[in-house]
>>> print(open('query_22.pdb').read())   # PDB, C-alpha atoms and all ligand atoms
ATOM      1  CA  MET A   1     -36.174  -9.984   6.870
ATOM      2  CA  SER A   2     -38.231 -12.969   7.976
ATOM      3  CA  ASP A   3     -38.036 -14.071  11.592
ATOM      4  CA  GLU A   4     -36.114 -17.276  10.768
ATOM      5  CA  ASN A   5     -33.366 -15.211   9.069
ATOM      6  CA  ARG A   6     -32.988 -12.940  12.071
ATOM      7  CA  ILE A   7     -29.902 -13.551  14.198
ATOM      8  CA  PRO A   8     -30.775 -12.853  17.843
ATOM      9  CA  LEU A   9     -28.386 -10.368  19.414
ATOM     10  CA  ALA A  10     -27.637  -9.774  23.071
ATOM     11  CA  GLY A  11     -24.946  -7.788  24.836
ATOM     12  CA  VAL A  12     -23.824  -5.816  27.833
ATOM     13  CA  ILE A  13     -24.154  -2.056  28.257
ATOM     14  CA  GLY A  14     -21.997   0.009  30.594
ATOM     15  CA  PHE A  15     -19.406   2.767  30.698
ATOM     16  CA  PRO A  16     -16.628   1.740  30.477
ATOM     17  CA  ILE A  17     -17.247  -1.822  29.286
ATOM     18  CA  GLY A  18     -13.813  -3.137  28.300
ATOM     19  CA  HIS A  19     -13.379  -5.092  31.552
ATOM     20  CA  SER A  20     -16.544  -7.196  31.147
ATOM     21  CA  ARG A  21     -16.091 -10.973  30.924
ATOM     22  CA  SER A  22     -19.707 -11.491  29.829
ATOM     23  CA  PRO A  23     -19.005 -11.522  26.039
ATOM     24  CA  GLN A  24     -16.564 -14.475  26.419
ATOM     25  CA  LEU A  25     -19.102 -16.325  28.543
ATOM     26  CA  HIS A  26     -22.232 -15.872  26.412
ATOM     27  CA  ASN A  27     -20.416 -16.384  23.094
ATOM     28  CA  HIS A  28     -18.904 -19.595  24.501
ATOM     29  CA  TRP A  29     -22.388 -20.873  25.370
ATOM     30  CA  LEU A  30     -23.742 -19.859  21.935
ATOM     31  CA  ARG A  31     -20.956 -21.909  20.282
ATOM     32  CA  LYS A  32     -21.256 -24.799  22.734
ATOM     33  CA  TYR A  33     -25.001 -25.259  22.141
ATOM     34  CA  GLY A  34     -24.786 -24.530  18.371
ATOM     35  CA  LEU A  35     -27.165 -21.564  18.658
ATOM     36  CA  ARG A  36     -27.530 -18.687  16.242
ATOM     37  CA  GLY A  37     -26.717 -15.411  17.972
ATOM     38  CA  GLN A  38     -24.038 -12.943  18.994
ATOM     39  CA  TYR A  39     -23.262 -11.178  22.286
ATOM     40  CA  VAL A  40     -21.515  -7.810  22.081
ATOM     41  CA  PRO A  41     -20.080  -5.288  24.574
ATOM     42  CA  MET A  42     -21.462  -1.747  24.170
ATOM     43  CA  ASN A  43     -19.966   1.398  25.655
ATOM     44  CA  ILE A  44     -22.965   3.636  26.314
ATOM     45  CA  LYS A  45     -22.859   6.977  28.095
ATOM     46  CA  HIS A  46     -25.555   7.919  30.568
ATOM     47  CA  SER A  47     -26.763  10.713  28.264
ATOM     48  CA  ASP A  48     -27.361   8.138  25.470
ATOM     49  CA  LEU A  49     -28.939   5.443  27.636
ATOM     50  CA  GLU A  50     -32.606   6.024  26.829
ATOM     51  CA  ASP A  51     -32.011   6.384  23.063
ATOM     52  CA  ALA A  52     -29.799   3.295  23.003
ATOM     53  CA  ILE A  53     -32.330   1.150  24.874
ATOM     54  CA  GLY A  54     -35.064   2.339  22.523
ATOM     55  CA  ALA A  55     -32.993   1.447  19.450
ATOM     56  CA  LEU A  56     -31.613  -1.950  20.484
ATOM     57  CA  PRO A  57     -34.793  -4.036  19.954
ATOM     58  CA  LYS A  58     -35.191  -2.501  16.479
ATOM     59  CA  LEU A  59     -31.650  -3.653  15.663
ATOM     60  CA  GLY A  60     -32.458  -7.256  16.563
ATOM     61  CA  PHE A  61     -31.474  -7.358  20.240
ATOM     62  CA  VAL A  62     -33.454  -9.752  22.433
ATOM     63  CA  GLY A  63     -31.944  -8.333  25.612
ATOM     64  CA  VAL A  64     -28.879  -6.949  27.332
ATOM     65  CA  ASN A  65     -26.994  -7.176  30.582
ATOM     66  CA  VAL A  66     -26.511  -3.920  32.406
ATOM     67  CA  THR A  67     -23.437  -2.951  34.387
ATOM     68  CA  ILE A  68     -21.988   0.120  36.133
ATOM     69  CA  PRO A  69     -23.166   2.917  35.960
ATOM     70  CA  HIS A  70     -26.602   2.094  34.478
ATOM     71  CA  LYS A  71     -27.968  -0.561  36.856
ATOM     72  CA  GLU A  72     -30.251   1.840  38.747
ATOM     73  CA  ALA A  73     -31.174   4.143  35.830
ATOM     74  CA  VAL A  74     -32.608   1.330  33.680
ATOM     75  CA  LEU A  75     -35.334   0.708  36.264
ATOM     76  CA  TRP A  76     -36.843   4.065  35.314
ATOM     77  CA  LEU A  77     -37.051   3.038  31.672
ATOM     78  CA  ALA A  78     -38.582  -0.410  32.218
ATOM     79  CA  ASP A  79     -42.268  -1.259  31.713
ATOM     80  CA  LEU A  80     -42.022  -4.278  34.025
ATOM     81  CA  VAL A  81     -39.684  -4.731  36.977
ATOM     82  CA  THR A  82     -39.372  -8.067  38.786
ATOM     83  CA  ASP A  83     -39.868  -8.093  42.569
ATOM     84  CA  ARG A  84     -36.229  -8.949  43.175
ATOM     85  CA  ALA A  85     -34.988  -6.070  40.970
ATOM     86  CA  ALA A  86     -37.342  -3.676  42.765
ATOM     87  CA  LEU A  87     -36.135  -4.936  46.163
ATOM     88  CA  ILE A  88     -32.480  -4.546  45.207
ATOM     89  CA  GLY A  89     -33.161  -1.201  43.495
ATOM     90  CA  ALA A  90     -31.134  -2.124  40.415
ATOM     91  CA  ALA A  91     -31.333  -4.344  37.317
ATOM     92  CA  ASN A  92     -28.565  -6.336  35.636
ATOM     93  CA  THR A  93     -30.681  -7.963  32.926
ATOM     94  CA  LEU A  94     -33.106  -6.492  30.383
ATOM     95  CA  ILE A  95     -35.421  -8.502  28.168
ATOM     96  CA  PHE A  96     -36.888  -6.872  25.048
ATOM     97  CA  ARG A  97     -40.218  -8.648  24.807
ATOM     98  CA  ASP A  98     -42.036  -9.429  21.560
ATOM     99  CA  ASP A  99     -44.916  -7.165  22.660
ATOM    100  CA  GLY A 100     -42.493  -4.208  22.817
ATOM    101  CA  LYS A 101     -42.350  -4.069  26.599
ATOM    102  CA  LEU A 102     -39.050  -3.656  28.430
ATOM    103  CA  HIS A 103     -38.676  -6.176  31.259
ATOM    104  CA  ALA A 104     -36.004  -5.529  33.949
ATOM    105  CA  ASP A 105     -34.658  -8.235  36.273
ATOM    106  CA  ASN A 106     -31.809  -8.649  38.730
ATOM    107  CA  THR A 107     -30.092 -12.042  38.796
ATOM    108  CA  ASP A 108     -27.111 -11.073  41.018
ATOM    109  CA  GLY A 109     -28.720 -12.483  44.177
ATOM    110  CA  TYR A 110     -29.639 -15.682  42.335
ATOM    111  CA  GLY A 111     -26.029 -15.985  41.111
ATOM    112  CA  PHE A 112     -24.707 -15.383  44.613
ATOM    113  CA  VAL A 113     -26.850 -18.140  46.177
ATOM    114  CA  GLU A 114     -26.314 -20.658  43.354
ATOM    115  CA  ASN A 115     -22.550 -20.142  43.616
ATOM    116  CA  LEU A 116     -22.710 -21.030  47.318
ATOM    117  CA  ARG A 117     -25.015 -23.996  46.649
ATOM    118  CA  GLN A 118     -22.609 -25.382  44.060
ATOM    119  CA  ASN A 119     -19.334 -24.680  45.841
ATOM    120  CA  ALA A 120     -20.245 -24.824  49.544
ATOM    121  CA  PRO A 121     -23.190 -27.258  49.732
ATOM    122  CA  GLU A 122     -22.409 -27.799  53.424
ATOM    123  CA  TRP A 123     -23.505 -24.220  54.228
ATOM    124  CA  ASP A 124     -26.920 -24.318  55.887
ATOM    125  CA  PRO A 125     -28.480 -20.836  55.609
ATOM    126  CA  LYS A 126     -30.449 -21.356  58.818
ATOM    127  CA  SER A 127     -27.386 -22.422  60.864
ATOM    128  CA  GLY A 128     -26.370 -18.954  62.084
ATOM    129  CA  HIS A 129     -25.644 -15.357  61.223
ATOM    130  CA  ALA A 130     -23.964 -14.067  58.083
ATOM    131  CA  ALA A 131     -21.452 -11.184  58.135
ATOM    132  CA  VAL A 132     -21.574  -8.936  55.066
ATOM    133  CA  ILE A 133     -18.932  -6.290  54.412
ATOM    134  CA  GLY A 134     -20.065  -3.501  52.069
ATOM    135  CA  SER A 135     -23.331  -1.736  51.302
ATOM    136  CA  GLY A 136     -23.238  -1.008  47.572
ATOM    137  CA  GLY A 137     -25.296  -2.619  44.817
ATOM    138  CA  ALA A 138     -23.738  -6.064  45.240
ATOM    139  CA  ALA A 139     -24.312  -6.035  49.008
ATOM    140  CA  ARG A 140     -27.986  -5.167  48.442
ATOM    141  CA  ALA A 141     -28.372  -8.230  46.216
ATOM    142  CA  VAL A 142     -26.546 -10.379  48.785
ATOM    143  CA  VAL A 143     -28.667  -9.182  51.729
ATOM    144  CA  ALA A 144     -31.937  -9.598  49.784
ATOM    145  CA  SER A 145     -31.084 -13.185  48.863
ATOM    146  CA  LEU A 146     -29.803 -14.089  52.352
ATOM    147  CA  ILE A 147     -33.172 -12.996  53.735
ATOM    148  CA  GLU A 148     -34.958 -14.978  51.027
ATOM    149  CA  VAL A 149     -33.089 -18.223  51.843
ATOM    150  CA  GLY A 150     -33.804 -17.870  55.572
ATOM    151  CA  VAL A 151     -30.563 -16.648  57.177
ATOM    152  CA  PRO A 152     -31.716 -15.723  60.700
ATOM    153  CA  GLU A 153     -29.505 -12.638  61.217
ATOM    154  CA  ILE A 154     -27.340 -10.557  58.927
ATOM    155  CA  TYR A 155     -24.543  -8.430  60.377
ATOM    156  CA  ILE A 156     -23.349  -5.696  58.093
ATOM    157  CA  SER A 157     -20.574  -3.118  58.138
ATOM    158  CA  ASN A 158     -19.537  -0.485  55.642
ATOM    159  CA  ARG A 159     -16.946   2.282  55.508
ATOM    160  CA  THR A 160     -19.803   4.767  55.002
ATOM    161  CA  ARG A 161     -22.129   3.834  57.851
ATOM    162  CA  ALA A 162     -25.119   5.708  56.394
ATOM    163  CA  ARG A 163     -25.300   3.267  53.457
ATOM    164  CA  ALA A 164     -25.369   0.310  55.859
ATOM    165  CA  GLU A 165     -28.101   2.034  57.882
ATOM    166  CA  ALA A 166     -30.095   2.546  54.682
ATOM    167  CA  LEU A 167     -29.893  -1.198  54.030
ATOM    168  CA  ARG A 168     -31.101  -1.946  57.548
ATOM    169  CA  SER A 169     -34.052   0.402  57.268
ATOM    170  CA  GLU A 170     -35.097  -1.236  53.991
ATOM    171  CA  PHE A 171     -34.451  -4.868  54.870
ATOM    172  CA  GLY A 172     -35.634  -4.754  58.476
ATOM    173  CA  ALA A 173     -34.957  -6.232  61.854
ATOM    174  CA  ARG A 174     -32.879  -9.206  60.711
ATOM    175  CA  VAL A 175     -30.094  -6.750  59.759
ATOM    176  CA  THR A 176     -27.718  -5.334  62.412
ATOM    177  CA  VAL A 177     -25.178  -2.625  61.556
ATOM    178  CA  PHE A 178     -21.650  -2.663  63.010
ATOM    179  CA  GLU A 179     -19.203   0.254  63.104
ATOM    180  CA  TRP A 180     -16.571  -0.034  60.374
ATOM    181  CA  VAL A 181     -13.741   0.002  62.943
ATOM    182  CA  GLN A 182     -15.462  -2.841  64.835
ATOM    183  CA  ALA A 183     -16.327  -4.988  61.814
ATOM    184  CA  GLY A 184     -14.059  -7.759  63.125
ATOM    185  CA  ARG A 185     -16.627  -8.398  65.876
ATOM    186  CA  MET A 186     -19.129  -9.628  63.265
ATOM    187  CA  MET A 187     -16.895 -12.663  62.673
ATOM    188  CA  LYS A 188     -17.590 -14.303  66.062
ATOM    189  CA  GLY A 189     -19.965 -17.190  65.410
ATOM    190  CA  ALA A 190     -20.532 -16.239  61.746
ATOM    191  CA  LYS A 191     -21.444 -19.176  59.517
ATOM    192  CA  LEU A 192     -20.959 -17.153  56.350
ATOM    193  CA  VAL A 193     -18.725 -14.151  55.604
ATOM    194  CA  VAL A 194     -19.151 -12.190  52.367
ATOM    195  CA  ASN A 195     -16.888  -9.454  51.070
ATOM    196  CA  ALA A 196     -19.181  -7.276  48.925
ATOM    197  CA  THR A 197     -16.687  -4.395  48.609
ATOM    198  CA  SER A 198     -13.997  -3.880  45.990
ATOM    199  CA  LEU A 199     -11.317  -4.277  48.679
ATOM    200  CA  GLY A 200      -8.815  -6.958  47.713
ATOM    201  CA  MET A 201      -9.326  -6.427  43.999
ATOM    202  CA  GLU A 202      -6.104  -6.029  41.976
ATOM    203  CA  SER A 203      -4.674  -2.520  42.542
ATOM    204  CA  ASN A 204      -7.216  -1.762  45.344
ATOM    205  CA  PRO A 205      -6.395  -1.694  49.071
ATOM    206  CA  GLU A 206      -6.400  -5.053  50.870
ATOM    207  CA  PHE A 207      -9.380  -6.286  52.870
ATOM    208  CA  PRO A 208      -8.809  -4.662  56.303
ATOM    209  CA  VAL A 209     -11.291  -6.449  58.593
ATOM    210  CA  PRO A 210      -9.566  -8.688  61.182
ATOM    211  CA  LEU A 211     -10.539 -12.372  61.054
ATOM    212  CA  ASP A 212      -9.206 -13.330  64.513
ATOM    213  CA  ALA A 213     -12.701 -14.177  65.824
ATOM    214  CA  LEU A 214     -13.614 -16.348  62.811
ATOM    215  CA  SER A 215     -13.979 -20.075  63.400
ATOM    216  CA  SER A 216     -13.066 -22.796  60.922
ATOM    217  CA  ASP A 217     -16.690 -23.884  60.353
ATOM    218  CA  ALA A 218     -17.508 -20.614  58.531
ATOM    219  CA  VAL A 219     -17.828 -20.376  54.749
ATOM    220  CA  VAL A 220     -16.044 -17.315  53.332
ATOM    221  CA  ASN A 221     -17.075 -15.877  49.979
ATOM    222  CA  ASP A 222     -15.364 -12.986  48.198
ATOM    223  CA  LEU A 223     -17.371 -11.342  45.405
ATOM    224  CA  VAL A 224     -14.093 -10.006  43.996
ATOM    225  CA  TYR A 225     -12.769 -12.390  41.317
ATOM    226  CA  THR A 226      -9.674 -10.533  40.097
ATOM    227  CA  PRO A 227      -7.591 -12.127  41.555
ATOM    228  CA  LEU A 228      -9.458 -15.385  42.048
ATOM    229  CA  GLU A 229      -7.680 -16.076  45.321
ATOM    230  CA  THR A 230      -7.958 -12.793  47.192
ATOM    231  CA  PRO A 231      -6.005 -12.052  50.393
ATOM    232  CA  LEU A 232      -9.281 -12.570  52.315
ATOM    233  CA  LEU A 233      -9.785 -16.059  50.865
ATOM    234  CA  ARG A 234      -6.138 -16.974  51.450
ATOM    235  CA  HIS A 235      -6.344 -15.864  55.069
ATOM    236  CA  ALA A 236      -9.673 -17.675  55.628
ATOM    237  CA  ALA A 237      -8.314 -20.883  54.084
ATOM    238  CA  GLY A 238      -5.400 -20.614  56.536
ATOM    239  CA  ILE A 239      -7.918 -20.654  59.410
ATOM    240  CA  GLY A 240      -9.470 -23.791  57.905
ATOM    241  CA  CYS A 241     -12.631 -22.184  56.476
ATOM    242  CA  LYS A 242     -14.281 -23.328  53.273
ATOM    243  CA  THR A 243     -13.648 -20.571  50.718
ATOM    244  CA  VAL A 244     -15.671 -19.667  47.618
ATOM    245  CA  ASP A 245     -14.409 -17.247  44.973
ATOM    246  CA  GLY A 246     -16.500 -14.639  43.145
ATOM    247  CA  LEU A 247     -16.232 -16.072  39.654
ATOM    248  CA  GLY A 248     -19.050 -18.543  40.251
ATOM    249  CA  MET A 249     -21.488 -15.712  41.033
ATOM    250  CA  LEU A 250     -20.606 -14.050  37.743
ATOM    251  CA  LEU A 251     -21.263 -17.320  35.899
ATOM    252  CA  HIS A 252     -24.490 -18.226  37.693
ATOM    253  CA  GLN A 253     -26.057 -14.766  37.372
ATOM    254  CA  ALA A 254     -25.734 -15.154  33.596
ATOM    255  CA  VAL A 255     -27.716 -18.409  33.391
ATOM    256  CA  PRO A 256     -31.299 -17.032  33.666
ATOM    257  CA  ALA A 257     -30.553 -14.245  31.166
ATOM    258  CA  PHE A 258     -29.073 -16.597  28.578
ATOM    259  CA  GLU A 259     -32.019 -18.961  29.015
ATOM    260  CA  ARG A 260     -34.551 -16.154  28.509
ATOM    261  CA  TRP A 261     -32.803 -14.765  25.423
ATOM    262  CA  PHE A 262     -31.783 -17.992  23.670
ATOM    263  CA  ASN A 263     -34.259 -20.581  25.061
ATOM    264  CA  THR A 264     -31.504 -22.871  26.298
ATOM    265  CA  ARG A 265     -30.373 -23.314  29.902
ATOM    266  CA  PRO A 266     -26.572 -23.327  29.908
ATOM    267  CA  GLU A 267     -24.467 -25.500  32.192
ATOM    268  CA  ILE A 268     -21.622 -24.245  34.361
ATOM    269  CA  ASP A 269     -18.611 -26.533  34.421
ATOM    270  CA  ASP A 270     -14.812 -26.237  34.611
ATOM    271  CA  GLU A 271     -14.613 -25.436  30.908
ATOM    272  CA  THR A 272     -16.932 -22.441  31.437
ATOM    273  CA  ARG A 273     -14.685 -21.141  34.230
ATOM    274  CA  GLN A 274     -11.575 -21.534  32.076
ATOM    275  CA  ILE A 275     -13.158 -19.656  29.147
ATOM    276  CA  VAL A 276     -13.949 -16.679  31.361
ATOM    277  CA  LEU A 277     -10.501 -16.708  32.950
ATOM    278  CA  GLN A 278      -8.678 -16.495  29.567
TER     279      GLN A 278
HETATM  280  P1  LIG B   1     -20.504  -0.264  44.599
HETATM  281  O1  LIG B   1     -21.977  -0.148  44.564
HETATM  282  O2  LIG B   1     -19.648   0.787  43.996
HETATM  283  O3  LIG B   1     -20.053  -0.475  46.150
HETATM  284  C1  LIG B   1     -18.694  -0.523  46.503
HETATM  285  C2  LIG B   1     -18.561  -0.983  47.954
HETATM  286  O4  LIG B   1     -17.160  -1.096  48.245
HETATM  287  C3  LIG B   1     -19.133   0.008  48.965
HETATM  288  O5  LIG B   1     -19.603  -0.712  50.084
HETATM  289  C4  LIG B   1     -17.890   0.839  49.313
HETATM  290  O6  LIG B   1     -17.975   1.479  50.563
HETATM  291  C5  LIG B   1     -16.837  -0.233  49.366
HETATM  292  N1  LIG B   1     -15.487   0.313  49.190
HETATM  293  C6  LIG B   1     -14.909   0.717  48.039
HETATM  294  N2  LIG B   1     -13.647   1.163  48.290
HETATM  295  C7  LIG B   1     -13.455   1.044  49.624
HETATM  296  C8  LIG B   1     -12.351   1.331  50.499
HETATM  297  N3  LIG B   1     -11.198   1.837  50.031
HETATM  298  N4  LIG B   1     -12.484   1.069  51.819
HETATM  299  C9  LIG B   1     -13.637   0.550  52.314
HETATM  300  N5  LIG B   1     -14.721   0.256  51.527
HETATM  301  C10 LIG B   1     -14.623   0.505  50.208
HETATM  302  O7  LIG B   1     -20.022  -1.631  43.887
HETATM  303  P2  LIG B   1     -20.801  -3.020  43.836
HETATM  304  O8  LIG B   1     -21.513  -3.135  42.545
HETATM  305  O9  LIG B   1     -21.543  -3.206  45.105
HETATM  306  O10 LIG B   1     -19.560  -4.052  43.762
HETATM  307  C11 LIG B   1     -18.779  -4.349  44.910
HETATM  308  C12 LIG B   1     -17.757  -5.443  44.545
HETATM  309  O11 LIG B   1     -18.440  -6.645  44.223
HETATM  310  C13 LIG B   1     -16.893  -5.102  43.320
HETATM  311  O12 LIG B   1     -15.600  -5.558  43.573
HETATM  312  C14 LIG B   1     -17.533  -5.884  42.199
HETATM  313  O13 LIG B   1     -16.598  -6.246  41.195
HETATM  314  C15 LIG B   1     -18.003  -7.121  42.953
HETATM  315  N6  LIG B   1     -19.135  -7.766  42.285
HETATM  316  C16 LIG B   1     -18.945  -9.061  41.897
HETATM  317  C17 LIG B   1     -19.985  -9.723  41.284
HETATM  318  C18 LIG B   1     -19.763 -11.137  40.857
HETATM  319  O14 LIG B   1     -20.529 -11.634  40.022
HETATM  320  N7  LIG B   1     -18.794 -11.813  41.424
HETATM  321  C19 LIG B   1     -21.228  -9.089  41.055
HETATM  322  C20 LIG B   1     -21.382  -7.756  41.476
HETATM  323  C21 LIG B   1     -20.303  -7.110  42.096
HETATM  324  P3  LIG B   1     -18.577   2.991  50.654
HETATM  325  O15 LIG B   1     -20.068   2.846  50.650
HETATM  326  O16 LIG B   1     -18.013   3.517  51.929
HETATM  327  O17 LIG B   1     -18.048   3.732  49.445
END
>>> encode(input="query_22.pdb", output="structure tokens", more="lines below")
Ligand code: NAP
Amino acid sequence: MSDENRIPLAGVIGFPIGHSRSPQLHNHWLRKYGLRGQYVPMNIKHSDLEDAIGALPKLGFVGVNVTIPHKEAVLWLADLVTDRAALIGAANTLIFRDDGKLHADNTDGYGFVENLRQNAPEWDPKSGHAAVIGSGGAARAVVASLIEVGVPEIYISNRTRARAEALRSEFGARVTVFEWVQAGRMMKGAKLVVNATSLGMESNPEFPVPLDALSSDAVVNDLVYTPLETPLLRHAAGIGCKTVDGLGMLLHQAVPAFERWFNTRPEIDDETRQIVLQ
């Protein structure tokens, strides 16, 4: 098959994968920009990961997104790892290069910051401390990008304190760890609050951290996007805070991957949000 007859394929690998909204998003952009290509969800077990990643470029794939539980494991298989993926310790985007090399990147932190830039342009990263709840993969991406954009101090709390301590020892003196039962104290004077746990997601327990000390000039961002208006965001809006939902991060993190794979930079607008919400 000649190169011009080849239909570029991309997709998302994970286990399970049924919940992923990425196929709707990327296929919408392919249609919108009149591009040849297809984006498919692929259920791949850990034991098949290496074989699958070896086979995909031969089948015409230009790259894939990576989701739970493979985000860390793919770093071991990559020939090239971007600085931000190495710093976060996980990749969400793979590029199968023409020279046969496997390139791993992490665009979660980029998506997180772009979402705030688009939806809370009044937030000045240098204006004061950020309070981050959680210490999993998403929190790592959040902390790395907050440091990159110049947030002076990052307060962090996690149910399992050891994971928060691990973040502090990697990311350094700008990070301060708070006891889980005292997480409400991080809210005093915070200019940004980020929920990077799964608390508040449909069928999960509600976000338990008290917001009494939060002032109305804080921006509150929940990475959870099912539901779009989480109890945390509802409560914060009641205090008068600017609130930002997690859907925008999902959309923005996809932009650099789509651009790399299909040579077109997609735009995020209301139509894009509606497509993903369907
Ligand atoms: P992860 O690595 O599994 O981390 C989960 C985090 O949630 C940990 O900090 C965990 O605390 C905490 N947690 C879970 N259940 C809890 C409970 N019952 N009580 C207290 N803490 C609890 O997952 P992740 O990849 O970081 O994702 C975290 C959330 O962010 C998920 O809801 C995910 O959907 C969302 N996310 C959104 C985007 C987006 O684009 N909007 C991108 C990535 C992730 P322990 O350490 O104590 O277990």
>>> closest_residue(input="query_22.pdb", among="A:Leu167, A:Ile88, A:Val175, A:Val113", to="Ala141 of chain A", atoms="only C-alpha atoms")
A:Ile88
>>> residues_near_ligand(input="query_22.pdb", ligand="ligand LIG 1 (chain B)", cutoff="7 Å", atoms="all atoms listed in the file", output="JSON, numbers by chain")
{"A": [108, 134, 135, 136, 137, 138, 139, 158, 159, 160, 163, 196, 197, 198, 199, 201, 205, 223, 224, 225, 246, 247, 248, 249, 250, 253]}
>>> residues_around(input="query_22.pdb", residues="Gly100 of chain A", least_positions_apart="2", cutoff="12 Å", atoms="only C-alpha atoms", output="list in words")
Ile53, Gly54, Ala55, Leu56, Pro57, Lys58, Phe61, Val62, Gly63, Ala78, Asp79, Leu80, Ile95, Phe96, Arg97, Asp98, Leu102 and His103 of chain A
>>> closest_residue(input="query_22.pdb", among="A:Val177, A:Gly172, A:Ile7, A:Arg21", to="Leu35 of chain A", atoms="all atoms listed in the file")
A:Ile7
>>> resolve_selection(input="query_22.pdb", expression="the PyMOL selection byres (((chain A and resi 13) around 12) and not hetatm)", output="ChimeraX atom specification")
/A:10-12,14-20,22-23,39-46,48-50,52-53,56,63-71,74,91-94
>>> resolve_selection(input="query_22.pdb", expression="the PyMOL selection byres (((chain A and resi 184-187) around 7) and not hetatm)", output="ChimeraX atom specification")
/A:131,155,182-183,188-190,209-211,213-214
>>> residues_around(input="query_22.pdb", residues="Ser127 of chain A", least_positions_apart="4", cutoff="9 Å", atoms="all atoms listed in the file", output="PyMOL selection string")
chain A and resi 123+151-152+191
>>> resolve_selection(input="query_22.pdb", expression="the PyMOL selection byres (((chain A and resi 221) around 8) and not hetatm)", output="list in words")
Leu192, Val193, Val194, Asn195, Val219, Val220, Asp222, Leu223, Leu233, Thr243, Val244, Asp245 and Gly246 of chain A
>>> write_last_selection(input="query_22.pdb", atoms="C-alpha atoms", output="PDB file, keeping the file's coordinate frame")
ATOM      1  CA  LEU A 192     -20.959 -17.153  56.350  1.00  0.00           C
ATOM      2  CA  VAL A 193     -18.725 -14.151  55.604  1.00  0.00           C
ATOM      3  CA  VAL A 194     -19.151 -12.190  52.367  1.00  0.00           C
ATOM      4  CA  ASN A 195     -16.888  -9.454  51.070  1.00  0.00           C
ATOM      5  CA  VAL A 219     -17.828 -20.376  54.749  1.00  0.00           C
ATOM      6  CA  VAL A 220     -16.044 -17.315  53.332  1.00  0.00           C
ATOM      7  CA  ASP A 222     -15.364 -12.986  48.198  1.00  0.00           C
ATOM      8  CA  LEU A 223     -17.371 -11.342  45.405  1.00  0.00           C
ATOM      9  CA  LEU A 233      -9.785 -16.059  50.865  1.00  0.00           C
ATOM     10  CA  THR A 243     -13.648 -20.571  50.718  1.00  0.00           C
ATOM     11  CA  VAL A 244     -15.671 -19.667  47.618  1.00  0.00           C
ATOM     12  CA  ASP A 245     -14.409 -17.247  44.973  1.00  0.00           C
ATOM     13  CA  GLY A 246     -16.500 -14.639  43.145  1.00  0.00           C
TER      14      GLY A 246
END
>>> atom_distance(input="query_22.pdb", atom1="atom CA of Ile154 of chain A", atom2="atom CA of Thr176 of chain A")
6.3 Å
>>> decode(input="query_22.pdb", residues="segment 122-139 of chain A", atoms="C-alpha atoms", output="compact mmCIF listing (two decimals), in the first residue's frame")
# COMPACT_ATOMS: atom_id res chain seq x y z
CA GLU A 122 -8.11 36.05 36.18
CA TRP A 123 -6.03 33.46 38.08
CA ASP A 124 -2.49 34.75 38.47
CA PRO A 125 -0.21 31.78 39.27
CA LYS A 126 2.17 34.01 41.22
CA SER A 127 -0.59 35.54 43.40
CA GLY A 128 -0.47 32.98 46.23
CA HIS A 129 -0.45 29.35 47.25
CA ALA A 130 -2.36 26.52 45.60
CA ALA A 131 -4.03 23.73 47.61
CA VAL A 132 -3.98 20.32 45.91
CA ILE A 133 -5.98 17.39 47.26
CA GLY A 134 -4.69 13.98 46.12
CA SER A 135 -1.31 12.48 45.27
CA GLY A 136 -1.97 10.05 42.42
CA GLY A 137 -0.96 10.39 38.78
CA ALA A 138 -3.19 13.40 38.11
CA ALA A 139 -1.89 15.24 41.18
